[in-house]
Amino acid sequence: MMGKVLNGLNKLLNGIIALFLMTMVFLVFSNVVLRYLFDSGITWSEELARFLFVWVVFLGAIVAYKEKSHLGVDIFIGALPAKAQKVLYIFINLVVLVVLVVVIHGGYYLMEINHTNYGPATGIPLSFIFSAGVLAAVVMAIMSIMQTIRYVVYGQDLPSWAAENKDPLTEKGR
């Protein structure tokens, strides 16, 4: 049941990213064509494309975090015994959570001070931009907690570097 819900949310997130990306491409391309062929353009298209780009970046960060695709150096943690890996994993995720809390706090503050400011061409509140960062940080914090519990407590959803009673220095194909 939970797996179906998560898969549905993942598909929805990927669909929103694809829709925003297609809209950006359409707006920018249309504006270029209108400017070169008709010497006029859509005044609000660049601003909306910029807003959508911010959302695509933060929504993409959520997808990358879920798939554990963010850059990381794992040669040190992969060389440790399994128990040490779990302790270091907890520490790393605590640091990640602290950073995400800072992002949430700062993003919320920026939303608060910009809720009366609007994009000059679109009229969209500037707090809309900052809400992308807050949403992404909240979702990634929840995922970080869930991933840590799943790996440390239940031994599920192992990271790629996690020890499975093997010596990472002699393992082939790494």
# chains A, B, ... in the order shown; residues from 1 in each chain; ligands from 1

$ residues_around --residues "A:Phe58" --least-positions-apart "6" --cutoff "7 Å" --atoms "only C-alpha atoms" --output "JSON, numbers by chain"
{"A": [132, 133, 136]}

$ residues_around --residues "stretch 59-68 of chain A" --least-positions-apart "3" --cutoff "8 Å" --atoms "only C-alpha atoms" --output "ChimeraX atom specification"
/A:10,13-14,17,55-56,132,136,139-140,143,159

$ residues_around --residues "A:Gly123" --least-positions-apart "3" --cutoff "10 Å" --atoms "only C-alpha atoms" --output "mmCIF file with N, CA and C atoms, in the first residue's frame"
data_model
loop_
_atom_site.group_PDB
_atom_site.id
_atom_site.type_symbol
_atom_site.label_atom_id
_atom_site.label_comp_id
_atom_site.auth_asym_id
_atom_site.auth_seq_id
_atom_site.Cartn_x
_atom_site.Cartn_y
_atom_site.Cartn_z
ATOM 1 N N TRP A 44 5.977 38.624 -20.034
ATOM 2 C CA TRP A 44 6.066 37.873 -18.790
ATOM 3 C C TRP A 44 6.725 36.503 -18.944
ATOM 4 N N GLU A 47 10.216 35.916 -17.070
ATOM 5 C CA GLU A 47 10.055 35.862 -15.612
ATOM 6 C C GLU A 47 9.424 34.546 -15.175
ATOM 7 N N LEU A 48 8.394 34.117 -15.873
ATOM 8 C CA LEU A 48 7.749 32.858 -15.525
ATOM 9 C C LEU A 48 8.708 31.688 -15.743
ATOM 10 N N ASN A 117 5.701 41.276 -2.011
ATOM 11 C CA ASN A 117 6.403 41.654 -3.244
ATOM 12 C C ASN A 117 5.975 40.721 -4.365
ATOM 13 N N TYR A 118 5.832 41.290 -5.550
ATOM 14 C CA TYR A 118 5.336 40.524 -6.686
ATOM 15 C C TYR A 118 6.279 40.671 -7.865
ATOM 16 N N GLY A 119 6.302 39.645 -8.717
ATOM 17 C CA GLY A 119 7.062 39.727 -9.946
ATOM 18 C C GLY A 119 6.519 40.859 -10.799
ATOM 19 N N PRO A 120 7.390 41.707 -11.346
ATOM 20 C CA PRO A 120 6.905 42.876 -12.075
ATOM 21 C C PRO A 120 6.109 42.536 -13.335
ATOM 22 N N LEU A 126 6.632 36.835 -4.863
ATOM 23 C CA LEU A 126 7.997 36.317 -4.815
ATOM 24 C C LEU A 126 8.143 35.218 -3.768
#

$ closest_residue --among "A:Ile113, A:Leu27, A:Val32, A:Val98" --to "A:Phe53" --atoms "only C-alpha atoms"
A:Leu27

$ select_by_dssp --residues "chain A" --states "alpha helix (DSSP H)" --output "number ranges by chain"
A: 2-38, 45-66, 75-78, 82-113, 127-152

$ write_last_selection --atoms "C-alpha atoms" --output "tab-separated table (two decimals), in the first residue's frame"
chain	number	residue	atom	x	y	z
A	2	MET	CA	2.67	2.50	1.07
A	3	GLY	CA	4.80	1.50	-1.91
A	4	LYS	CA	1.96	2.29	-4.31
A	5	VAL	CA	1.44	5.69	-2.70
A	6	LEU	CA	5.17	6.49	-2.89
A	7	ASN	CA	5.33	5.33	-6.53
A	8	GLY	CA	2.31	7.49	-7.33
A	9	LEU	CA	3.89	10.52	-5.63
A	10	ASN	CA	7.14	9.86	-7.49
A	11	LYS	CA	5.32	9.75	-10.83
A	12	LEU	CA	3.44	12.93	-9.93
A	13	LEU	CA	6.69	14.69	-9.02
A	14	ASN	CA	8.37	13.59	-12.25
A	15	GLY	CA	5.28	14.68	-14.20
A	16	ILE	CA	5.33	18.13	-12.60
A	17	ILE	CA	9.03	18.50	-13.37
A	18	ALA	CA	8.43	17.46	-16.99
A	19	LEU	CA	5.47	19.85	-17.30
A	20	PHE	CA	7.45	22.77	-15.86
A	21	LEU	CA	10.41	21.99	-18.12
A	22	MET	CA	8.22	21.76	-21.24
A	23	THR	CA	6.51	25.03	-20.30
A	24	MET	CA	9.89	26.72	-19.87
A	25	VAL	CA	11.12	25.49	-23.24
A	26	PHE	CA	7.88	26.52	-24.94
A	27	LEU	CA	7.90	30.01	-23.38
A	28	VAL	CA	11.52	30.74	-24.16
A	29	PHE	CA	11.32	29.31	-27.70
A	30	SER	CA	8.09	31.18	-28.44
A	31	ASN	CA	9.55	34.40	-27.15
A	32	VAL	CA	12.65	34.02	-29.33
A	33	VAL	CA	10.53	33.32	-32.41
A	34	LEU	CA	8.23	36.26	-31.68
A	35	ARG	CA	11.15	38.62	-31.18
A	36	TYR	CA	12.96	37.63	-34.38
A	37	LEU	CA	9.95	37.29	-36.66
A	38	PHE	CA	7.56	39.90	-35.30
A	45	SER	CA	7.57	34.74	-20.39
A	46	GLU	CA	11.14	35.22	-19.18
A	47	GLU	CA	10.06	35.86	-15.61
A	48	LEU	CA	7.75	32.86	-15.52
A	49	ALA	CA	10.47	30.67	-17.07
A	50	ARG	CA	12.85	31.83	-14.35
A	51	PHE	CA	10.30	31.01	-11.63
A	52	LEU	CA	9.66	27.58	-13.15
A	53	PHE	CA	13.41	26.95	-13.39
A	54	VAL	CA	13.76	27.51	-9.64
A	55	TRP	CA	10.96	25.01	-9.03
A	56	VAL	CA	12.49	22.46	-11.44
A	57	VAL	CA	15.82	22.71	-9.60
A	58	PHE	CA	14.30	22.16	-6.15
A	59	LEU	CA	11.90	19.43	-7.27
A	60	GLY	CA	14.82	17.76	-9.06
A	61	ALA	CA	16.81	17.93	-5.82
A	62	ILE	CA	14.02	15.98	-4.12
A	63	VAL	CA	14.16	13.31	-6.84
A	64	ALA	CA	17.95	13.13	-6.64
A	65	TYR	CA	17.83	12.84	-2.85
A	66	LYS	CA	15.25	10.06	-3.04
A	75	ILE	CA	35.46	5.55	-0.27
A	76	PHE	CA	36.14	6.23	3.43
A	77	ILE	CA	32.77	5.13	4.76
A	78	GLY	CA	32.76	2.10	2.47
A	82	ALA	CA	29.28	-2.24	9.21
A	83	LYS	CA	28.71	-0.86	12.72
A	84	ALA	CA	31.02	2.09	12.13
A	85	GLN	CA	29.26	2.74	8.82
A	86	LYS	CA	25.93	3.00	10.61
A	87	VAL	CA	27.31	5.38	13.25
A	88	LEU	CA	28.89	7.60	10.59
A	89	TYR	CA	25.69	7.43	8.51
A	90	ILE	CA	23.69	8.68	11.49
A	91	PHE	CA	26.19	11.51	12.04
A	92	ILE	CA	26.15	12.50	8.36
A	93	ASN	CA	22.36	12.54	8.27
A	94	LEU	CA	22.25	14.64	11.45
A	95	VAL	CA	24.49	17.18	9.71
A	96	VAL	CA	22.22	17.04	6.65
A	97	LEU	CA	19.19	17.60	8.87
A	98	VAL	CA	20.82	20.63	10.51
A	99	VAL	CA	21.55	22.13	7.09
A	100	LEU	CA	17.98	21.42	5.94
A	101	VAL	CA	16.57	23.06	9.07
A	102	VAL	CA	18.68	26.14	8.29
A	103	VAL	CA	17.31	26.13	4.72
A	104	ILE	CA	13.75	25.75	6.02
A	105	HIS	CA	14.21	28.58	8.52
A	106	GLY	CA	15.87	30.90	6.00
A	107	GLY	CA	13.39	30.06	3.25
A	108	TYR	CA	10.45	30.66	5.55
A	109	TYR	CA	11.96	33.99	6.59
A	110	LEU	CA	12.39	34.98	2.93
A	111	MET	CA	8.80	33.92	2.21
A	112	GLU	CA	7.63	36.06	5.11
A	113	ILE	CA	9.46	39.22	4.07
A	127	SER	CA	7.27	34.07	-1.85
A	128	PHE	CA	6.32	31.47	-4.50
A	129	ILE	CA	10.01	31.18	-5.42
A	130	PHE	CA	11.16	30.71	-1.84
A	131	SER	CA	8.42	28.20	-1.10
A	132	ALA	CA	10.16	25.81	-3.52
A	133	GLY	CA	13.23	25.70	-1.29
A	134	VAL	CA	11.18	25.28	1.85
A	135	LEU	CA	9.13	22.47	0.32
A	136	ALA	CA	12.23	20.70	-0.96
A	137	ALA	CA	14.03	21.00	2.39
A	138	VAL	CA	11.02	19.68	4.34
A	139	VAL	CA	10.58	16.71	1.99
A	140	MET	CA	14.31	15.92	2.02
A	141	ALA	CA	14.39	16.13	5.84
A	142	ILE	CA	11.54	13.61	6.05
A	143	MET	CA	13.28	11.35	3.52
A	144	SER	CA	16.58	11.64	5.42
A	145	ILE	CA	14.91	10.52	8.64
A	146	MET	CA	13.10	7.67	6.88
A	147	GLN	CA	16.23	6.49	5.03
A	148	THR	CA	18.27	6.57	8.23
A	149	ILE	CA	15.69	4.53	10.15
A	150	ARG	CA	15.31	2.05	7.29
A	151	TYR	CA	19.08	1.48	7.04
A	152	VAL	CA	20.17	1.68	10.68

$ decode --residues "stretch 81-105 of chain A" --atoms "N, CA, C and O atoms" --output "mmCIF file, in the first residue's frame"
data_model
loop_
_atom_site.group_PDB
_atom_site.id
_atom_site.type_symbol
_atom_site.label_atom_id
_atom_site.label_comp_id
_atom_site.auth_asym_id
_atom_site.auth_seq_id
_atom_site.Cartn_x
_atom_site.Cartn_y
_atom_site.Cartn_z
ATOM 1 N N PRO A 81 33.971 -0.938 8.984
ATOM 2 C CA PRO A 81 33.086 -2.061 9.326
ATOM 3 C C PRO A 81 31.622 -1.599 9.371
ATOM 4 O O PRO A 81 31.340 -0.410 9.515
ATOM 5 N N ALA A 82 30.713 -2.548 9.314
ATOM 6 C CA ALA A 82 29.279 -2.239 9.212
ATOM 7 C C ALA A 82 28.781 -1.367 10.358
ATOM 8 O O ALA A 82 28.024 -0.418 10.135
ATOM 9 N N LYS A 83 29.189 -1.648 11.582
ATOM 10 C CA LYS A 83 28.706 -0.857 12.725
ATOM 11 C C LYS A 83 29.222 0.577 12.648
ATOM 12 O O LYS A 83 28.482 1.522 12.930
ATOM 13 N N ALA A 84 30.466 0.748 12.257
ATOM 14 C CA ALA A 84 31.025 2.093 12.125
ATOM 15 C C ALA A 84 30.344 2.846 10.984
ATOM 16 O O ALA A 84 30.133 4.059 11.069
ATOM 17 N N GLN A 85 29.983 2.125 9.934
ATOM 18 C CA GLN A 85 29.261 2.744 8.824
ATOM 19 C C GLN A 85 27.928 3.305 9.303
ATOM 20 O O GLN A 85 27.556 4.421 8.940
ATOM 21 N N LYS A 86 27.229 2.546 10.119
ATOM 22 C CA LYS A 86 25.929 2.999 10.609
ATOM 23 C C LYS A 86 26.072 4.220 11.509
ATOM 24 O O LYS A 86 25.278 5.158 11.411
ATOM 25 N N VAL A 87 27.094 4.225 12.367
ATOM 26 C CA VAL A 87 27.313 5.379 13.249
ATOM 27 C C VAL A 87 27.648 6.615 12.416
ATOM 28 O O VAL A 87 27.090 7.699 12.642
ATOM 29 N N LEU A 88 28.519 6.464 11.450
ATOM 30 C CA LEU A 88 28.886 7.597 10.591
ATOM 31 C C LEU A 88 27.701 8.047 9.740
ATOM 32 O O LEU A 88 27.508 9.246 9.516
ATOM 33 N N TYR A 89 26.892 7.104 9.293
ATOM 34 C CA TYR A 89 25.695 7.429 8.507
ATOM 35 C C TYR A 89 24.724 8.272 9.330
ATOM 36 O O TYR A 89 24.147 9.237 8.830
ATOM 37 N N ILE A 90 24.551 7.901 10.598
ATOM 38 C CA ILE A 90 23.689 8.684 11.488
ATOM 39 C C ILE A 90 24.251 10.087 11.646
ATOM 40 O O ILE A 90 23.522 11.081 11.551
ATOM 41 N N PHE A 91 25.561 10.201 11.867
ATOM 42 C CA PHE A 91 26.186 11.514 12.035
ATOM 43 C C PHE A 91 26.022 12.366 10.776
ATOM 44 O O PHE A 91 25.648 13.538 10.848
ATOM 45 N N ILE A 92 26.278 11.769 9.628
ATOM 46 C CA ILE A 92 26.154 12.497 8.358
ATOM 47 C C ILE A 92 24.718 12.988 8.167
ATOM 48 O O ILE A 92 24.488 14.135 7.783
ATOM 49 N N ASN A 93 23.750 12.133 8.450
ATOM 50 C CA ASN A 93 22.356 12.537 8.272
ATOM 51 C C ASN A 93 21.923 13.573 9.294
ATOM 52 O O ASN A 93 21.046 14.389 9.005
ATOM 53 N N LEU A 94 22.520 13.563 10.485
ATOM 54 C CA LEU A 94 22.248 14.636 11.448
ATOM 55 C C LEU A 94 22.768 15.975 10.923
ATOM 56 O O LEU A 94 22.097 16.999 11.052
ATOM 57 N N VAL A 95 23.953 15.952 10.314
ATOM 58 C CA VAL A 95 24.493 17.178 9.713
ATOM 59 C C VAL A 95 23.586 17.643 8.572
ATOM 60 O O VAL A 95 23.277 18.834 8.450
ATOM 61 N N VAL A 96 23.138 16.710 7.746
ATOM 62 C CA VAL A 96 22.218 17.039 6.648
ATOM 63 C C VAL A 96 20.942 17.657 7.206
ATOM 64 O O VAL A 96 20.438 18.662 6.684
ATOM 65 N N LEU A 97 20.415 17.070 8.269
ATOM 66 C CA LEU A 97 19.188 17.600 8.874
ATOM 67 C C LEU A 97 19.392 19.013 9.412
ATOM 68 O O LEU A 97 18.513 19.870 9.275
ATOM 69 N N VAL A 98 20.545 19.276 10.014
ATOM 70 C CA VAL A 98 20.823 20.626 10.512
ATOM 71 C C VAL A 98 20.842 21.615 9.349
ATOM 72 O O VAL A 98 20.245 22.698 9.422
ATOM 73 N N VAL A 99 21.494 21.248 8.264
ATOM 74 C CA VAL A 99 21.545 22.131 7.091
ATOM 75 C C VAL A 99 20.140 22.344 6.528
ATOM 76 O O VAL A 99 19.759 23.465 6.179
ATOM 77 N N LEU A 100 19.350 21.285 6.460
ATOM 78 C CA LEU A 100 17.983 21.416 5.941
ATOM 79 C C LEU A 100 17.120 22.280 6.845
ATOM 80 O O LEU A 100 16.290 23.051 6.360
ATOM 81 N N VAL A 101 17.315 22.189 8.152
ATOM 82 C CA VAL A 101 16.572 23.061 9.073
ATOM 83 C C VAL A 101 16.956 24.512 8.848
ATOM 84 O O VAL A 101 16.103 25.409 8.865
ATOM 85 N N VAL A 102 18.238 24.775 8.600
ATOM 86 C CA VAL A 102 18.679 26.143 8.294
ATOM 87 C C VAL A 102 18.021 26.633 7.002
ATOM 88 O O VAL A 102 17.560 27.777 6.918
ATOM 89 N N VAL A 103 17.957 25.765 5.984
ATOM 90 C CA VAL A 103 17.308 26.130 4.721
ATOM 91 C C VAL A 103 15.820 26.400 4.944
ATOM 92 O O VAL A 103 15.268 27.371 4.408
ATOM 93 N N ILE A 104 15.174 25.558 5.725
ATOM 94 C CA ILE A 104 13.747 25.755 6.019
ATOM 95 C C ILE A 104 13.542 27.086 6.737
ATOM 96 O O ILE A 104 12.663 27.878 6.361
ATOM 97 N N HIS A 105 14.345 27.329 7.755
ATOM 98 C CA HIS A 105 14.208 28.577 8.521
ATOM 99 C C HIS A 105 14.457 29.792 7.637
ATOM 100 O O HIS A 105 13.681 30.752 7.629
#
